[in-house]
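K.L.:
My structure is stored as start01.txt, with compact mmCIF, C-alpha atoms and all ligand atoms.
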```txt
# COMPACT_ATOMS: atom_id res chain seq x y z
CA MET A 956 2.40 -1.86 -24.58
CA ASP A 957 -0.51 0.55 -25.11
CA ARG A 958 -2.87 1.79 -22.36
CA ILE A 959 -5.65 -0.74 -23.06
CA ASP A 960 -3.24 -3.67 -23.17
CA PHE A 961 -1.54 -2.50 -19.98
CA ILE A 962 -4.88 -2.25 -18.15
CA ALA A 963 -5.85 -5.71 -19.43
CA SER A 964 -2.51 -7.13 -18.21
CA LEU A 965 -3.45 -6.10 -14.65
CA THR A 966 -6.24 -8.73 -14.69
CA LYS A 967 -3.66 -11.56 -14.69
CA GLY A 968 -4.53 -14.16 -12.07
CA LEU A 969 -8.26 -13.28 -11.98
CA LYS A 970 -10.79 -15.89 -13.14
CA SER A 971 -13.41 -13.33 -14.07
CA VAL A 972 -13.59 -9.60 -14.52
CA GLY A 973 -16.18 -6.85 -15.07
CA ASP A 974 -15.50 -3.76 -17.17
CA CYS A 975 -17.76 -0.85 -16.29
CA GLY A 976 -17.75 1.68 -19.14
CA ILE A 977 -16.77 -1.06 -21.59
CA ASP A 978 -17.17 1.18 -24.68
CA HIS A 979 -15.39 -0.61 -27.57
CA GLY A 980 -14.80 -3.76 -25.51
CA TYR A 981 -11.07 -3.96 -26.28
CA THR A 982 -9.91 -4.10 -22.64
CA LEU A 983 -12.22 -7.01 -21.83
CA ILE A 984 -11.32 -8.78 -25.09
CA SER A 985 -7.60 -8.50 -24.28
CA ALA A 986 -8.14 -9.72 -20.69
CA LEU A 987 -10.02 -12.79 -22.00
CA ARG A 988 -7.75 -13.51 -24.95
CA ASP A 989 -4.30 -12.62 -23.63
CA TYR A 990 -4.30 -12.66 -19.82
CA GLY A 991 -5.99 -15.88 -18.74
CA VAL A 992 -9.35 -14.44 -17.63
CA SER A 993 -12.07 -17.05 -18.27
CA TYR A 994 -15.23 -14.96 -18.00
CA GLY A 995 -16.03 -11.28 -18.56
CA ILE A 996 -18.89 -8.92 -17.75
CA GLY A 997 -19.27 -5.73 -19.77
CA ILE A 998 -21.32 -2.76 -18.57
CA ASP A 999 -22.14 0.51 -20.28
CA VAL A 1000 -24.76 3.18 -19.65
CA ASN A 1001 -25.06 3.91 -23.39
CA LYS A 1002 -26.54 1.60 -26.02
CA ASP A 1003 -24.14 2.45 -28.87
CA PRO A 1004 -20.88 1.59 -27.07
CA LEU A 1005 -22.46 -1.56 -25.65
CA GLU A 1006 -23.48 -2.61 -29.18
CA ALA A 1007 -19.93 -1.85 -30.44
CA ALA A 1008 -18.54 -4.02 -27.64
CA ARG A 1009 -21.01 -6.78 -28.51
CA LEU A 1010 -19.87 -6.79 -32.17
CA ASN A 1011 -16.15 -6.68 -31.29
CA ILE A 1012 -16.57 -9.50 -28.76
CA GLU A 1013 -18.43 -11.54 -31.38
CA LYS A 1014 -15.66 -10.92 -33.96
CA ALA A 1015 -13.09 -12.08 -31.40
CA GLY A 1016 -15.13 -15.29 -30.87
CA LEU A 1017 -15.65 -14.56 -27.16
CA THR A 1018 -19.46 -14.21 -26.96
CA ASP A 1019 -19.95 -17.40 -24.93
CA ARG A 1020 -17.48 -16.15 -22.30
CA THR A 1021 -19.18 -12.79 -21.71
CA GLN A 1022 -22.34 -11.21 -20.37
CA LEU A 1023 -23.20 -7.58 -21.26
CA PHE A 1024 -25.38 -5.13 -19.31
CA LEU A 1025 -26.91 -1.81 -20.23
CA SER A 1026 -26.57 -0.19 -16.82
CA ASP A 1027 -25.76 3.06 -15.07
CA GLY A 1028 -22.75 1.95 -13.07
CA LEU A 1029 -23.28 -1.29 -11.18
CA GLN A 1030 -27.08 -0.99 -10.68
CA GLU A 1031 -28.47 -3.41 -13.29
CA PHE A 1032 -25.47 -5.60 -13.06
CA GLU A 1033 -25.94 -6.13 -9.32
CA GLU A 1034 -29.48 -7.45 -9.79
CA ASN A 1035 -28.94 -9.61 -12.87
CA VAL A 1036 -25.39 -10.90 -13.00
CA LYS A 1037 -25.11 -14.72 -13.03
CA GLU A 1038 -21.89 -14.82 -11.05
CA GLN A 1039 -20.07 -11.85 -9.61
CA PRO A 1040 -16.66 -11.33 -11.23
CA GLU A 1041 -13.50 -11.37 -9.11
CA GLY A 1042 -12.18 -8.11 -10.51
CA LEU A 1043 -13.65 -4.83 -11.71
CA ILE A 1044 -12.16 -2.40 -14.24
CA ILE A 1045 -13.37 1.22 -14.40
CA THR A 1046 -11.20 3.36 -16.67
CA GLY A 1047 -11.47 6.30 -19.03
CA MET A 1048 -13.96 8.37 -16.98
CA GLY A 1049 -13.58 11.28 -14.59
CA GLY A 1050 -12.54 10.57 -11.00
CA SER A 1051 -15.86 11.91 -9.68
CA LEU A 1052 -17.87 9.49 -11.82
CA ILE A 1053 -15.69 6.52 -10.81
CA THR A 1054 -16.18 7.56 -7.18
CA GLU A 1055 -19.97 7.73 -7.70
CA ILE A 1056 -20.04 4.28 -9.31
CA LEU A 1057 -18.05 2.72 -6.46
CA SER A 1058 -20.14 4.53 -3.82
CA TYR A 1059 -23.45 3.17 -5.18
CA ASP A 1060 -23.03 0.01 -3.11
CA LEU A 1061 -19.89 0.07 -0.96
CA ASP A 1062 -20.29 -3.55 0.16
CA LEU A 1063 -20.48 -4.68 -3.46
CA SER A 1064 -17.47 -2.55 -4.44
CA LYS A 1065 -15.49 -3.95 -1.52
CA SER A 1066 -16.33 -7.51 -2.45
CA PHE A 1067 -14.16 -7.43 -5.59
CA LYS A 1068 -10.72 -8.99 -5.12
CA ARG A 1069 -9.14 -6.36 -7.34
CA LEU A 1070 -10.26 -2.95 -8.61
CA ILE A 1071 -8.40 -1.57 -11.63
CA LEU A 1072 -9.13 2.15 -11.90
CA SER A 1073 -7.95 4.97 -14.11
CA ALA A 1074 -9.50 8.43 -14.11
CA HIS A 1075 -8.79 10.92 -16.88
CA ASN A 1076 -9.14 13.75 -14.33
CA ASP A 1077 -9.71 14.26 -10.57
CA THR A 1078 -7.48 11.33 -9.57
CA PRO A 1079 -6.76 12.93 -6.14
CA LYS A 1080 -10.52 12.86 -5.46
CA LEU A 1081 -10.63 9.17 -6.35
CA ARG A 1082 -7.66 8.44 -4.05
CA TYR A 1083 -9.32 10.42 -1.25
CA PHE A 1084 -12.46 8.31 -1.64
CA LEU A 1085 -10.56 5.01 -1.71
CA ILE A 1086 -8.45 5.82 1.33
CA ASN A 1087 -11.36 7.14 3.39
CA PHE A 1088 -13.97 4.53 2.48
CA GLY A 1089 -12.15 1.32 3.31
CA PHE A 1090 -10.07 0.52 0.23
CA LYS A 1091 -6.33 0.01 0.04
CA ILE A 1092 -4.20 1.20 -2.88
CA ILE A 1093 -2.09 -1.84 -3.72
CA ASP A 1094 -0.28 -0.58 -6.82
CA GLU A 1095 -0.06 2.49 -8.98
CA TYR A 1096 1.29 2.89 -12.51
CA LEU A 1097 1.80 5.61 -15.09
CA ILE A 1098 1.50 4.94 -18.79
CA GLU A 1099 2.04 7.40 -21.63
CA GLU A 1100 -0.07 7.31 -24.76
CA ASN A 1101 -0.49 9.99 -27.44
CA GLY A 1102 1.27 12.59 -25.32
CA HIS A 1103 -0.91 12.03 -22.24
CA ILE A 1104 0.31 10.35 -19.05
CA TYR A 1105 -2.43 8.19 -17.47
CA GLU A 1106 -2.50 7.19 -13.79
CA ILE A 1107 -3.68 3.64 -13.08
CA ILE A 1108 -4.61 2.49 -9.58
CA VAL A 1109 -5.03 -1.08 -8.36
CA ALA A 1110 -6.99 -1.30 -5.11
CA ASN A 1111 -8.84 -3.76 -2.90
CA SER A 1112 -10.55 -3.70 0.47
CA GLU A 1113 -7.65 -4.96 2.60
CA LYS A 1114 -7.17 -3.14 5.88
CA ILE A 1115 -5.04 -0.01 5.56
CA ASP A 1116 -1.91 -0.32 7.69
CA ARG A 1117 -0.55 3.23 7.45
CA LYS A 1118 -1.60 6.87 7.48
CA TYR A 1119 -1.89 8.89 4.28
CA ASP A 1120 -1.32 12.61 3.89
CA TYR A 1121 -2.37 15.24 1.37
CA TYR A 1122 0.69 14.53 -0.81
CA ASP A 1123 -0.39 10.87 -1.06
CA MET A 1124 -3.83 11.91 -2.34
CA VAL A 1125 -2.43 14.34 -4.90
CA PHE A 1126 0.61 12.45 -6.20
CA GLY A 1127 -0.21 8.85 -5.26
CA PRO A 1128 1.24 7.03 -2.23
CA ILE A 1129 3.16 4.56 -4.42
CA LEU A 1130 3.98 6.79 -7.40
CA ARG A 1131 5.52 9.53 -5.23
CA VAL A 1132 7.82 7.04 -3.52
CA ASN A 1133 8.83 5.17 -6.70
CA LYS A 1134 9.40 8.48 -8.55
CA GLY A 1135 9.85 6.79 -11.94
CA ASP A 1136 10.83 8.56 -15.18
CA LEU A 1137 7.21 9.22 -16.20
CA PHE A 1138 6.41 10.66 -12.77
CA VAL A 1139 9.34 13.08 -13.06
CA LYS A 1140 8.31 13.93 -16.64
CA LYS A 1141 4.65 14.52 -15.67
CA TYR A 1142 5.38 16.81 -12.72
CA SER A 1143 8.34 18.63 -14.30
CA LEU A 1144 5.95 19.65 -17.06
CA THR A 1145 3.23 20.65 -14.57
CA LEU A 1146 5.84 22.67 -12.65
CA GLU A 1147 6.81 24.60 -15.78
CA GLN A 1148 3.12 25.26 -16.59
CA THR A 1149 2.50 26.42 -13.01
CA LYS A 1150 5.47 28.82 -13.11
CA LEU A 1151 4.20 30.26 -16.40
CA ALA A 1152 0.67 30.66 -14.99
CA LEU A 1153 2.14 32.40 -11.92
CA GLN A 1154 3.88 34.97 -14.11
CA ASN A 1155 0.55 35.91 -15.70
CA ALA A 1156 -1.80 35.56 -12.69
CA LYS A 1157 -3.43 38.68 -11.19
CA ASP A 1158 -6.05 37.29 -8.78
CA PRO A 1159 -4.57 36.90 -5.25
CA VAL A 1160 -6.51 33.66 -4.56
CA GLN A 1161 -5.29 32.19 -7.85
CA ILE A 1162 -1.73 33.30 -7.08
CA SER A 1163 -1.72 31.65 -3.66
CA LYS A 1164 -3.15 28.39 -5.14
CA LEU A 1165 -0.47 28.38 -7.83
CA LYS A 1166 2.25 29.06 -5.26
CA MET A 1167 1.04 26.12 -3.20
CA THR A 1168 1.01 23.82 -6.24
CA LYS A 1169 4.53 24.97 -7.16
CA ALA A 1170 5.85 24.36 -3.63
CA MET A 1171 4.24 20.89 -3.46
CA ILE A 1172 5.66 19.80 -6.83
CA GLU A 1173 9.12 21.11 -5.93
CA GLU A 1174 8.93 19.18 -2.66
CA VAL A 1175 7.83 15.93 -4.31
CA LEU A 1176 10.47 16.14 -7.06
CA LYS A 1177 13.36 16.66 -4.56
C1 LIG B 1201 -14.24 7.25 -22.67
S1 LIG B 1201 -15.02 5.72 -22.57
C2 LIG B 1201 -13.76 4.74 -21.80
C3 LIG B 1201 -13.70 3.37 -22.39
C4 LIG B 1201 -12.70 2.41 -21.78
N1 LIG B 1201 -13.12 2.04 -20.44
C5 LIG B 1201 -11.31 2.97 -21.80
O1 LIG B 1201 -10.69 3.12 -20.74
O2 LIG B 1201 -10.83 3.27 -22.91
C6 LIG B 1201 -16.18 5.87 -21.26
C7 LIG B 1201 -17.31 4.85 -21.37
O3 LIG B 1201 -18.00 4.85 -20.12
C8 LIG B 1201 -19.39 4.81 -20.36
N2 LIG B 1201 -20.04 5.34 -19.14
C9 LIG B 1201 -20.12 6.65 -18.75
N3 LIG B 1201 -20.80 6.74 -17.59
C10 LIG B 1201 -21.14 5.48 -17.23
C11 LIG B 1201 -21.88 4.92 -16.16
N4 LIG B 1201 -22.40 5.70 -15.20
N5 LIG B 1201 -22.06 3.59 -16.12
C12 LIG B 1201 -21.55 2.79 -17.09
N6 LIG B 1201 -20.87 3.26 -18.14
C13 LIG B 1201 -20.66 4.57 -18.21
C14 LIG B 1201 -19.56 5.64 -21.61
O4 LIG B 1201 -20.77 5.35 -22.27
C15 LIG B 1201 -18.33 5.23 -22.43
O5 LIG B 1201 -18.60 4.11 -23.23
```
Could you render the structure as structure tokens?
P.N.:
Amino acid sequence: MDRIDFIASLTKGLKSVGDCGIDHGYTLISALRDYGVSYGIGIDVNKDPLEAARLNIEKAGLTDRTQLFLSDGLQEFEENVKEQPEGLIITGMGGSLITEILSYDLDLSKSFKRLILSAHNDTPKLRYFLINFGFKIIDEYLIEENGHIYEIIVANSEKIDRKYDYYDMVFGPILRVNKGDLFVKKYSLTLEQTKLALQNAKDPVQISKLKMTKAMIEEVLK
């Protein structure tokens, strides 16, 4: 299963879903066609990707089951959507941008039954935001595609029933406990890169940061 299909599979059980940063539209198309979602909302801040999504959705014969918005995050969508979707997908952007989009209206973001999130960088920042602003991380997954290992987070606004520490933010509260093959692969590689960087580092601040990263990875891989 590729990354897009895997993300789409996480919409199973939802009646409707929004995809913010829809780009090509393939995730929403798969959710509608293969995973039982009846209605989809697509959002993109740029005209060209939104037009590409429109054409792909038309080709797939799904136009009457979708509504598309040109919008920066959830702004336009919030004012004009016919019916709010049960789930929201935001994937393929940086963790800071995903955090900004969710922060725009916290009540709106918390009203989704399921958030499906995947940042291509700064995932610890995204986890920090979720944990500290009233969201609960329900599931976490890793998926490898074209040599890159992507982290995928499923969250909602259920009450958090435990405390999280710095290791949870960095490695993921669920991923670090499950410690699957991809987790070990991802952090074994990062450990090797960190050791190499340590051998070449000269700046004392950089050296102490690298030493901390090395110690944390060694601890989590134990
Ligand atoms: C790299 S693509 C990711 C596409 C798809 N979600 C995926 O995971 O493959 C990022 C998309 O997000 C859109 N985007 C970036 N910032 C956005 C924002 N603030 N609001 C809505 N869409 C945004 C971009 O125009 C682009 O189409």
K.L.:
May I have the protein, DNA and RNA residues with any atom at most 10 Å from the point (2.6, 14.6, -6.3), counting only C-alpha atoms, written as a list of chain:residue names?
P.N.:
A:Pro1079, A:Tyr1121, A:Tyr1122, A:Asp1123, A:Met1124, A:Val1125, A:Phe1126, A:Gly1127, A:Pro1128, A:Leu1130, A:Arg1131, A:Val1132, A:Lys1134, A:Phe1138, A:Val1139, A:Lys1141, A:Tyr1142, A:Thr1168, A:Met1171, A:Ile1172, A:Glu1173, A:Glu1174, A:Val1175, A:Leu1176
K.L.:
Residues contacting ligand LIG 1201 (chain B) - anything with an atom at most 7 Å away, using all atoms listed in the file - can you give me those as a list in words?
P.N.:
Ile959, Cys975, Gly976, Ile977, Asp978, His979, Ile998, Asp999, Val1000, Asn1001, Pro1004, Ser1026, Asp1027, Gly1028, Ile1045, Thr1046, Gly1047, Met1048, Leu1052 and Ile1056 of chain A
K.L.:
Under the rule that all atoms listed in the file are counted, which of A:Leu1085, A:Leu1165, A:Met956, A:Ala1074 is the nearest residue to A:Glu1100?
P.N.:
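Among A:Leu1085, A:Leu1165, A:Met956, A:Ala1074, it is A:Met956 that comes nearest to A:Glu1100.
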K.L.:
For a test of reading the model, state the distance in Å between atom CA of A:Ala1015 and atom CA of A:Tyr981, rounded to one decimal.
P.N.:
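Separation between atom CA of A:Ala1015 and atom CA of A:Tyr981: 9.8 Å.
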K.L.:
For each of A:Glu1006, A:Gly1135, A:Ile1086, A:Ser1163, take the minimum atom-to-atom distance to A:Asp1116, counting all atoms listed in the file, then give the residue where this is smallest.
P.N.:
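Nearest to A:Asp1116: A:Ile1086.
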K.L.:
Can you work out the spacing between atom CA of A:Gly1042 and atom CA of A:Val1109 in Å, to one decimal?
P.N.:
10.3 Å
K.L.:
If we count only C-alpha atoms, what is near A:Gln1039 at a cut-off of 10 Å, once residues fewer than 5 positions away on the same chain are taken out, given as a PyMOL selection string?
P.N.:
chain A and resi 971-973+995-996+1032-1033+1063+1066-1067
K.L.:
Hey, can you check how far atom CA of A:Asp974 sits from atom CA of A:Gly997?
P.N.:
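Computing it gives 5.0 Å between the two atoms.
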K.L.:
Return as JSON the centre and edge lengths, in Å with one decimal, of the box along x, y and z that encloses every atom of stretch 1057-1070 of chain A in the file, padded by 8 Å per side.
P.N.:
```
{"center_x": -16.3, "center_y": -2.2, "center_z": -4.2, "size_x": 30.3, "size_y": 29.5, "size_z": 24.8}
```
K.L.:
Considering all atoms listed in the file, state which residue in the set A:Leu1005, A:Lys1169, A:Leu1137, A:Arg1020 is at the smallest distance from A:Leu1151.
P.N.:
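Of all the options, A:Lys1169 lies closest to A:Leu1151.
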K.L.:
Looking at all atoms listed in the file, which of A:Leu1070, A:Tyr1083, A:Glu1038, A:Gln1022 is the one that sits closest to A:Ser1051?
P.N.:
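Ranked by minimum distance to A:Ser1051, first place goes to A:Tyr1083.
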K.L.:
Of the residues A:Glu1106, A:Ile1129, A:Asn1076, A:Lys1164, which is the one nearest to A:Asp1094, using only C-alpha atoms?
P.N.:
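Looking at the shortest contact to A:Asp1094, the residue is A:Ile1129.
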K.L.:
Can you pull out every residue within 9 Å of A:Leu1153, counting all atoms listed in the file, but drop anything in the same chain fewer than 6 positions away, and send it as a ChimeraX atom specification?
P.N.:
/A:1161-1162,1165-1166
K.L.:
Next, dump the selected residues to file, keeping only C-alpha atoms, as a short mmCIF file (atom, residue, chain, number, x, y, z; two decimals), in the coordinates of the input.
P.N.:
```cif
data_model
loop_
_atom_site.label_atom_id
_atom_site.label_comp_id
_atom_site.auth_asym_id
_atom_site.auth_seq_id
_atom_site.Cartn_x
_atom_site.Cartn_y
_atom_site.Cartn_z
CA GLN A 1161 -5.29 32.19 -7.85
CA ILE A 1162 -1.73 33.30 -7.08
CA LEU A 1165 -0.47 28.38 -7.83
CA LYS A 1166 2.25 29.06 -5.26
#
```
K.L.:
Nearest residue to A:Lys1118 out of A:Lys1091, A:Leu1061, A:Leu987, A:Gln1154, using all atoms listed in the file?
P.N.:
A:Lys1091
K.L.:
Quick one: residues within 10 Å of A:Tyr990, all atoms listed in the file, excluding same-chain residues fewer than 3 positions away - as a ChimeraX atom specification?
P.N.:
/A:960,963-970,983-987,993
